[in-house]
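coords-v1.txt follows; it contains compact mmCIF, C-alpha atoms and all ligand atoms.
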# COMPACT_ATOMS: atom_id res chain seq x y z
CA MET A 26 0.00 0.00 0.00
CA ILE A 27 1.28 3.47 -0.84
CA CYS A 28 0.13 5.08 2.37
CA GLU A 29 -0.61 2.97 5.43
CA ARG A 30 -2.03 5.84 7.41
CA CYS A 31 -4.65 6.87 4.85
CA ASN A 32 -7.37 4.25 4.80
CA ASP A 33 -8.72 5.22 1.46
CA LEU A 34 -6.50 6.54 -1.27
CA LYS A 35 -9.51 7.87 -3.10
CA ASN A 36 -10.13 10.19 -0.18
CA ILE A 37 -8.44 13.29 -1.50
CA LEU A 38 -8.37 16.23 0.88
CA LEU A 39 -6.52 18.73 -1.29
CA SER A 40 -6.25 18.71 -5.03
CA ALA A 41 -4.11 21.27 -6.87
CA ARG A 42 -4.01 21.58 -10.65
CA GLY A 43 -1.73 23.63 -12.86
CA ILE A 44 -0.44 25.87 -10.08
CA THR A 45 2.06 28.43 -11.32
CA LYS A 46 3.78 31.27 -9.52
CA LYS A 47 5.76 34.08 -11.08
CA TYR A 48 7.50 36.84 -9.19
CA ASN A 49 8.23 40.13 -10.89
CA VAL A 50 11.46 41.62 -9.66
CA GLY A 51 12.39 44.90 -11.35
CA THR A 52 12.08 44.24 -15.05
CA SER A 53 12.60 40.49 -14.87
CA THR A 54 10.20 37.67 -14.11
CA LEU A 55 11.04 34.66 -12.02
CA ASP A 56 9.05 31.50 -12.76
CA VAL A 57 9.18 29.66 -9.46
CA LEU A 58 6.35 27.16 -9.99
CA VAL A 59 5.56 26.24 -13.58
CA GLY A 60 2.67 23.78 -13.28
CA ILE A 61 2.09 21.85 -10.09
CA ASP A 62 -0.45 19.04 -9.97
CA LEU A 63 -0.71 17.56 -6.52
CA ASP A 64 -3.21 15.45 -4.60
CA ILE A 65 -2.99 15.15 -0.85
CA TYR A 66 -4.84 12.30 0.81
CA ARG A 67 -6.75 12.61 4.04
CA GLY A 68 -4.68 11.31 6.95
CA GLU A 69 -1.30 11.11 5.25
CA ILE A 70 2.03 12.66 6.13
CA LEU A 71 3.50 14.10 2.95
CA ALA A 72 7.12 15.30 2.88
CA VAL A 73 8.11 18.02 0.41
CA ILE A 74 11.80 18.13 -0.42
CA GLY A 75 13.91 20.14 -2.85
CA GLU A 76 16.94 22.39 -3.00
CA SER A 77 17.02 25.79 -1.40
CA GLY A 78 15.14 28.21 -3.67
CA ALA A 79 13.18 25.39 -5.38
CA GLY A 80 9.89 26.97 -4.32
CA LYS A 81 8.87 24.80 -1.34
CA SER A 82 7.80 27.70 0.88
CA THR A 83 6.12 29.38 -2.08
CA LEU A 84 4.05 26.25 -2.69
CA LEU A 85 3.19 25.85 0.99
CA HIS A 86 2.09 29.48 1.22
CA ILE A 87 -0.16 29.01 -1.80
CA LEU A 88 -1.68 25.78 -0.43
CA GLY A 89 -2.14 27.53 2.91
CA MET A 90 -3.79 30.52 1.22
CA LEU A 91 -1.24 32.97 2.54
CA ASP A 92 -0.48 33.80 -1.09
CA ARG A 93 -2.32 33.36 -4.37
CA PRO A 94 -1.00 31.44 -7.36
CA THR A 95 -0.38 33.28 -10.63
CA SER A 96 -2.59 30.67 -12.29
CA GLY A 97 -4.08 27.29 -11.49
CA THR A 98 -6.74 26.09 -9.12
CA PHE A 99 -7.05 24.06 -6.01
CA GLU A 100 -9.72 22.53 -3.95
CA LEU A 101 -9.58 21.85 -0.21
CA ASN A 102 -12.18 19.66 1.45
CA GLY A 103 -14.42 20.00 -1.59
CA GLU A 104 -14.30 23.80 -1.74
CA TYR A 105 -12.72 25.75 -4.59
CA ILE A 106 -10.22 28.23 -3.22
CA THR A 107 -9.46 30.25 -6.30
CA ASP A 108 -12.81 32.06 -6.44
CA LYS A 109 -12.82 33.25 -2.84
CA SER A 110 -12.34 36.89 -1.86
CA ASP A 111 -9.50 37.86 0.49
CA ASN A 112 -11.90 38.05 3.44
CA GLU A 113 -13.44 34.69 2.67
CA LEU A 114 -9.96 33.21 2.33
CA ALA A 115 -8.88 34.56 5.71
CA THR A 116 -11.88 32.97 7.44
CA PHE A 117 -11.49 29.69 5.56
CA ARG A 118 -7.75 29.61 6.29
CA ASN A 119 -8.25 30.17 10.01
CA LYS A 120 -10.74 27.32 10.11
CA MET A 121 -9.06 24.82 7.80
CA ILE A 122 -5.28 25.31 7.98
CA GLY A 123 -2.78 24.95 10.78
CA PHE A 124 0.69 26.38 10.16
CA VAL A 125 3.99 25.52 11.78
CA PHE A 126 6.95 27.62 10.62
CA GLN A 127 10.70 27.22 11.06
CA PHE A 128 10.66 30.00 13.63
CA HIS A 129 7.73 29.65 15.98
CA HIS A 130 6.02 33.04 15.29
CA LEU A 131 4.46 33.00 18.75
CA LEU A 132 3.39 36.33 20.25
CA PRO A 133 5.99 37.33 22.84
CA GLU A 134 3.58 39.18 25.16
CA PHE A 135 1.32 36.19 25.65
CA SER A 136 1.67 32.94 27.59
CA ALA A 137 1.89 29.53 25.89
CA LEU A 138 -1.76 28.96 26.77
CA GLU A 139 -2.87 32.29 25.31
CA ASN A 140 -0.83 31.71 22.16
CA VAL A 141 -2.44 28.31 21.64
CA MET A 142 -5.90 29.84 22.18
CA MET A 143 -5.28 32.69 19.74
CA PRO A 144 -6.70 31.03 16.57
CA ALA A 145 -9.91 30.28 18.47
CA LEU A 146 -10.15 33.85 19.76
CA ILE A 147 -9.66 35.14 16.20
CA ALA A 148 -12.47 32.82 15.08
CA ARG A 149 -14.55 34.16 18.01
CA LYS A 150 -15.03 30.74 19.50
CA ASN A 151 -16.51 30.14 22.93
CA GLY A 152 -14.02 31.07 25.67
CA SER A 153 -14.28 28.14 28.09
CA GLY A 154 -14.33 25.51 25.32
CA ALA A 155 -11.25 27.12 23.80
CA LEU A 156 -9.49 27.20 27.15
CA GLU A 157 -10.11 23.52 27.74
CA ARG A 158 -9.00 22.57 24.23
CA ALA A 159 -5.82 24.67 24.51
CA LYS A 160 -4.97 22.95 27.81
CA MET A 161 -5.66 19.54 26.28
CA LEU A 162 -3.41 20.31 23.29
CA LEU A 163 -0.61 21.57 25.51
CA ALA A 164 -0.92 18.31 27.46
CA GLN A 165 -0.73 16.37 24.16
CA VAL A 166 2.53 18.09 23.29
CA GLY A 167 3.90 17.43 26.79
CA LEU A 168 3.79 20.98 28.12
CA SER A 169 1.14 20.94 30.83
CA ASP A 170 3.66 22.35 33.27
CA ARG A 171 4.64 25.28 31.00
CA ILE A 172 1.28 26.81 30.11
CA LYS A 173 1.96 30.11 31.85
CA HIS A 174 5.40 30.58 30.34
CA ARG A 175 5.83 33.28 27.74
CA PRO A 176 7.85 32.47 24.59
CA GLY A 177 10.97 34.09 26.09
CA GLU A 178 10.73 31.61 28.96
CA LEU A 179 10.63 28.45 26.80
CA SER A 180 13.33 26.39 25.04
CA GLY A 181 13.53 26.10 21.23
CA GLY A 182 11.99 22.62 21.23
CA GLU A 183 9.23 23.70 23.62
CA LEU A 184 8.43 26.72 21.43
CA GLN A 185 7.95 24.50 18.40
CA ARG A 186 5.72 22.16 20.38
CA VAL A 187 3.60 25.16 21.44
CA ALA A 188 3.47 26.13 17.75
CA VAL A 189 2.20 22.64 16.87
CA ALA A 190 -0.48 22.89 19.58
CA ARG A 191 -1.50 26.31 18.25
CA ALA A 192 -1.70 24.92 14.70
CA LEU A 193 -4.19 22.28 15.91
CA MET A 194 -6.37 24.67 17.93
CA ASN A 195 -9.16 25.09 15.39
CA GLU A 196 -9.13 21.42 14.39
CA PRO A 197 -7.76 22.21 10.93
CA ALA A 198 -8.30 19.90 7.99
CA ILE A 199 -4.58 20.04 7.24
CA VAL A 200 -1.38 21.10 8.99
CA LEU A 201 1.32 22.71 6.84
CA ALA A 202 4.78 22.75 8.38
CA ASP A 203 7.68 24.61 6.78
CA GLU A 204 10.93 23.14 8.13
CA PRO A 205 9.46 22.85 11.62
CA SER A 206 12.64 21.31 13.03
CA GLY A 207 15.05 23.32 10.89
CA ASN A 208 16.09 25.36 13.86
CA LEU A 209 16.34 22.56 16.44
CA ASP A 210 19.15 20.29 17.59
CA HIS A 211 19.00 16.57 16.81
CA LYS A 212 17.31 15.52 20.05
CA ASN A 213 14.59 18.17 19.86
CA SER A 214 14.05 17.46 16.16
CA LEU A 215 13.39 13.81 16.94
CA MET A 216 11.02 14.76 19.73
CA LEU A 217 9.08 17.09 17.43
CA HIS A 218 8.91 14.48 14.68
CA ASP A 219 7.65 11.83 17.11
CA LEU A 220 5.04 14.28 18.28
CA MET A 221 3.76 14.97 14.77
CA TRP A 222 3.69 11.26 13.91
CA ASN A 223 1.78 10.52 17.13
CA LEU A 224 -0.74 13.23 16.33
CA ALA A 225 -1.20 11.85 12.83
CA ASP A 226 -1.72 8.35 14.23
CA LYS A 227 -3.94 9.22 17.18
CA LEU A 228 -5.87 12.25 16.03
CA LYS A 229 -5.74 11.47 12.28
CA TYR A 230 -4.35 14.82 11.22
CA THR A 231 -3.03 15.33 7.70
CA PHE A 232 0.45 16.85 7.62
CA VAL A 233 2.49 18.39 4.81
CA ILE A 234 6.06 18.85 6.00
CA VAL A 235 8.70 20.75 4.06
CA THR A 236 12.08 19.48 5.12
CA HIS A 237 15.76 19.27 4.26
CA ASP A 238 16.08 16.37 6.69
CA MET A 239 16.15 13.15 4.66
CA ALA A 240 15.67 10.98 7.76
CA LEU A 241 12.43 12.84 8.42
CA ALA A 242 11.34 12.66 4.77
CA GLY A 243 12.05 8.92 4.80
CA LYS A 244 9.53 8.45 7.61
CA ALA A 245 6.71 10.18 5.73
CA ASP A 246 3.99 8.22 3.92
CA ARG A 247 4.88 9.86 0.60
CA ILE A 248 7.64 12.15 -0.59
CA VAL A 249 7.44 14.72 -3.37
CA GLN A 250 10.35 16.72 -4.74
CA LEU A 251 10.21 20.20 -6.22
CA HIS A 252 12.66 20.73 -9.04
CA ASP A 253 12.66 23.25 -11.91
CA GLY A 254 9.26 24.48 -10.81
CA LYS A 255 7.64 21.05 -11.08
CA ILE A 256 6.79 18.37 -8.62
CA LYS A 257 7.43 14.65 -8.78
CA GLU A 258 6.86 11.81 -6.39
CA ILE A 259 10.02 10.12 -5.10
CA GLN A 260 10.02 6.47 -4.13
CA LYS A 261 11.65 6.01 -0.74
CA GLN A 262 14.24 3.54 -1.95
CA TYR A 263 15.69 6.27 -4.20
CA LEU A 264 15.91 8.89 -1.47
CA ASN A 265 19.49 8.10 -0.44
CA GLU A 266 20.72 7.91 -4.02
CA LEU A 267 19.19 11.26 -4.74
CA PHE A 268 21.14 12.99 -2.03
CA SER A 269 24.38 11.06 -1.92
CA PRO A 270 27.27 13.08 -3.42
N1 LIG A 301 8.28 37.71 -2.74
C1 LIG A 301 9.20 37.29 -3.61
N2 LIG A 301 9.60 38.07 -4.62
C2 LIG A 301 10.52 37.65 -5.52
N3 LIG A 301 11.12 36.44 -5.47
C3 LIG A 301 10.77 35.61 -4.46
C4 LIG A 301 9.81 35.99 -3.47
N4 LIG A 301 9.67 34.98 -2.61
C5 LIG A 301 10.52 34.00 -3.02
N5 LIG A 301 11.18 34.39 -4.14
C6 LIG A 301 12.15 33.57 -4.89
O1 LIG A 301 11.48 32.39 -5.29
C7 LIG A 301 12.33 31.25 -5.18
C8 LIG A 301 11.67 30.20 -4.33
O2 LIG A 301 11.63 30.65 -2.98
P1 LIG A 301 11.12 29.74 -1.78
O3 LIG A 301 11.21 30.56 -0.55
O4 LIG A 301 9.81 29.16 -2.13
O5 LIG A 301 12.23 28.58 -1.81
P2 LIG A 301 12.41 27.34 -0.81
O6 LIG A 301 12.38 26.10 -1.65
O7 LIG A 301 11.46 27.43 0.31
O8 LIG A 301 13.91 27.54 -0.30
P3 LIG A 301 14.55 27.26 1.17
O9 LIG A 301 14.80 25.78 1.23
O10 LIG A 301 15.82 28.03 1.13
O11 LIG A 301 13.60 27.75 2.22
C9 LIG A 301 13.65 31.75 -4.63
O12 LIG A 301 14.56 31.84 -5.70
C10 LIG A 301 13.32 33.12 -4.06
O13 LIG A 301 14.41 33.99 -4.19
MG MG A 302 11.63 27.78 2.37

Do you think you could lay out the structure here as structure tokens?
Amino acid sequence: MICERCNDLKNILLSARGITKKYNVGTSTLDVLVGIDLDIYRGEILAVIGESGAGKSTLLHILGMLDRPTSGTFELNGEYITDKSDNELATFRNKMIGFVFQFHHLLPEFSALENVMMPALIARKNGSGALERAKMLLAQVGLSDRIKHRPGELSGGELQRVAVARALMNEPAIVLADEPSGNLDHKNSLMLHDLMWNLADKLKYTFVIVTHDMALAGKADRIVQLHDGKIKEIQKQYLNELFSP
């Protein structure tokens, strides 16, 4: 089976077709994505690999609706994204997408608990329900005894675990992580990876993880590589060959 975690390979959560992205810089145009077709299955962990500058973050930002493609369409959970207005996109994004970045992007003035609750507050969700869920998520990521700490009072690994809890706050359909362990040492990277794999197993979240870490990519259900603005699926047995000198 291609993906053990996804029960039904016909169950496509996100489907992108013909995604392109051009950047205009001065008088020149940079074609970063030249035609991406990608299906993401419900419940899978998909690793996205590729050289620096290949367009991984660009693609993730488009799939996460932080940026619009130059052309192409995609559908998330049966809804077409391309036709939505900026306001509609913001609401849909807050409900459907959880983000984890390389640097945590937590708000420094707020405690871990408040940071995790923030997406719910933005969505104007019920206060006590949100509080209970935020506490539960912080427990899931092993930080029950750090909920009052502000970001400046947490370690790098703890900050990323708070960021994962925050990403899950609104029960998103998909979690997009852009080099979530890129800034962590080996031990904390492993801890973060275990955490994401546990969450995918137990809570059935779908993860897309951009990574330079081939050990991490090798653990994913599927691996896709961005190269020359296109995407192709990489079979795991070829992963080492691809990156050996
Ligand atoms: N706003 C922008 N304007 C112009 N060019 C951009 C912009 N954002 C990214 N680029 C260019 O697009 C290309 C792809 O960038 P992107 O950040 O997606 O790469 P990446 O694969 O995530 O790289 P890395 O592994 O280093 O994070 C790069 O060459 C970058 O310089
Ligand atoms: Mg990047």

Output as CSV one row per residue of chain A within 9 Å of ligand LIG 301 (chain A): the closest atom pair and its distance in Å to one decimal place, counting all atoms listed in the file, sorted by chain and residue number ascending.
residue,atom,partner,partner_atom,distance
A:Lys46,CA,A:LIG301,O1,8.9
A:Lys47,CA,A:LIG301,N3,8.1
A:Tyr48,CA,A:LIG301,C2,4.8
A:Asn49,CA,A:LIG301,C2,6.3
A:Val50,CA,A:LIG301,C2,5.8
A:Thr54,CA,A:LIG301,C2,8.6
A:Leu55,CA,A:LIG301,N3,6.8
A:Asp56,CA,A:LIG301,O1,7.9
A:Val57,CA,A:LIG301,O1,5.5
A:Leu58,CA,A:LIG301,C8,8.3
A:Ile74,CA,A:LIG301,O6,8.1
A:Gly75,CA,A:LIG301,O6,6.3
A:Glu76,CA,A:LIG301,O9,5.8
A:Ser77,CA,A:LIG301,O9,3.4
A:Gly78,CA,A:LIG301,O5,3.5
A:Ala79,CA,A:LIG301,O6,3.9
A:Gly80,CA,A:LIG301,O4,3.1
A:Lys81,CA,A:LIG301,O6,3.8
A:Ser82,CA,A:LIG301,O7,3.7
A:Thr83,CA,A:LIG301,O4,3.7
A:Leu84,CA,A:LIG301,O4,6.5
A:Leu85,CA,A:LIG301,O4,8.0
A:His86,CA,A:LIG301,O4,8.4
A:Asp203,CA,A:LIG301,O7,8.0
A:Glu204,CA,A:LIG301,O11,8.0
A:Val235,CA,A:LIG301,O7,8.1
A:Thr236,CA,A:LIG301,O9,7.9
A:His237,CA,A:LIG301,O9,7.2
A:Leu251,CA,A:LIG301,O6,7.8
A:Gly254,CA,A:LIG301,C8,9.0

Same residues, C-alpha atoms, output as a PDB file, keeping the file's coordinate frame:
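Written file, selection-v3.pdb:
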ATOM      1  CA  LYS A  46       3.780  31.270  -9.520  1.00  0.00           C
ATOM      2  CA  LYS A  47       5.760  34.080 -11.080  1.00  0.00           C
ATOM      3  CA  TYR A  48       7.500  36.840  -9.190  1.00  0.00           C
ATOM      4  CA  ASN A  49       8.230  40.130 -10.890  1.00  0.00           C
ATOM      5  CA  VAL A  50      11.460  41.620  -9.660  1.00  0.00           C
ATOM      6  CA  THR A  54      10.200  37.670 -14.110  1.00  0.00           C
ATOM      7  CA  LEU A  55      11.040  34.660 -12.020  1.00  0.00           C
ATOM      8  CA  ASP A  56       9.050  31.500 -12.760  1.00  0.00           C
ATOM      9  CA  VAL A  57       9.180  29.660  -9.460  1.00  0.00           C
ATOM     10  CA  LEU A  58       6.350  27.160  -9.990  1.00  0.00           C
ATOM     11  CA  ILE A  74      11.800  18.130  -0.420  1.00  0.00           C
ATOM     12  CA  GLY A  75      13.910  20.140  -2.850  1.00  0.00           C
ATOM     13  CA  GLU A  76      16.940  22.390  -3.000  1.00  0.00           C
ATOM     14  CA  SER A  77      17.020  25.790  -1.400  1.00  0.00           C
ATOM     15  CA  GLY A  78      15.140  28.210  -3.670  1.00  0.00           C
ATOM     16  CA  ALA A  79      13.180  25.390  -5.380  1.00  0.00           C
ATOM     17  CA  GLY A  80       9.890  26.970  -4.320  1.00  0.00           C
ATOM     18  CA  LYS A  81       8.870  24.800  -1.340  1.00  0.00           C
ATOM     19  CA  SER A  82       7.800  27.700   0.880  1.00  0.00           C
ATOM     20  CA  THR A  83       6.120  29.380  -2.080  1.00  0.00           C
ATOM     21  CA  LEU A  84       4.050  26.250  -2.690  1.00  0.00           C
ATOM     22  CA  LEU A  85       3.190  25.850   0.990  1.00  0.00           C
ATOM     23  CA  HIS A  86       2.090  29.480   1.220  1.00  0.00           C
ATOM     24  CA  ASP A 203       7.680  24.610   6.780  1.00  0.00           C
ATOM     25  CA  GLU A 204      10.930  23.140   8.130  1.00  0.00           C
ATOM     26  CA  VAL A 235       8.700  20.750   4.060  1.00  0.00           C
ATOM     27  CA  THR A 236      12.080  19.480   5.120  1.00  0.00           C
ATOM     28  CA  HIS A 237      15.760  19.270   4.260  1.00  0.00           C
ATOM     29  CA  LEU A 251      10.210  20.200  -6.220  1.00  0.00           C
ATOM     30  CA  GLY A 254       9.260  24.480 -10.810  1.00  0.00           C
TER      31      GLY A 254
END

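Considering all atoms listed in the file, the residue among A:Arg186, A:Ala202, A:Glu178, A:Met216 positioned nearest to ligand MG 302 (chain A) is A:Ala202.
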
Would you please work out which residue, of A:Thr116, A:Ser110, A:Asn151, A:Ser206, is nearest to A:His129 when using all atoms listed in the file?
A:Ser206

Could you please determine the separation between atom CA of A:Leu220 and atom CA of A:Ala164 in Å, to one decimal place?
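That distance, rounded to one decimal, is 11.7 Å.
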
Between A:Ile37, A:Ile259, A:Ala188, A:Leu114, which residue has the minimum interatomic distance to A:Asp64, considering only C-alpha atoms?
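Checking each of A:Ile37, A:Ile259, A:Ala188, A:Leu114 against A:Asp64, counting only C-alpha atoms, the winner is A:Ile37.
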
Which residue is closest to A:Ile65? Choose from A:Ala240, A:Leu201, A:Ala137, A:Ala148 and count only C-alpha atoms.
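Selected residue with least distance to A:Ile65: A:Leu201.
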
List every protein, DNA or RNA residue that has at least one atom no more than 10 Å from (-3.7, 16.0, 15.2) in the file's coordinates, counting all atoms listed in the file, and write the result as a PyMOL selection string.
chain A and resi 68+162+165+189-190+192-194+196-200+220-232

Just the number, please: distance in Å from atom CA of A:Lys120 to atom CA of A:Arg158, one decimal.
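Atom CA of A:Lys120 sits 15.0 Å away from atom CA of A:Arg158.
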
Separation of atom CA of A:Leu39 from atom CA of A:Asn140, in Å and rounded to one decimal
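If I compute the distance from atom CA of A:Leu39 to atom CA of A:Asn140, I get 27.4 Å.
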
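Comparing the minimum interatomic distances between A:Arg118 and each of A:Thr98, A:Ser153, A:Asn195, A:Gln185, counting all atoms listed in the file, we find that A:Asn195 sits nearest.
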
Taking into account all atoms listed in the file, which residue in the set A:Glu157, A:Glu258, A:Val73, A:Leu101 is nearest to ligand MG 302 (chain A)?
A:Val73
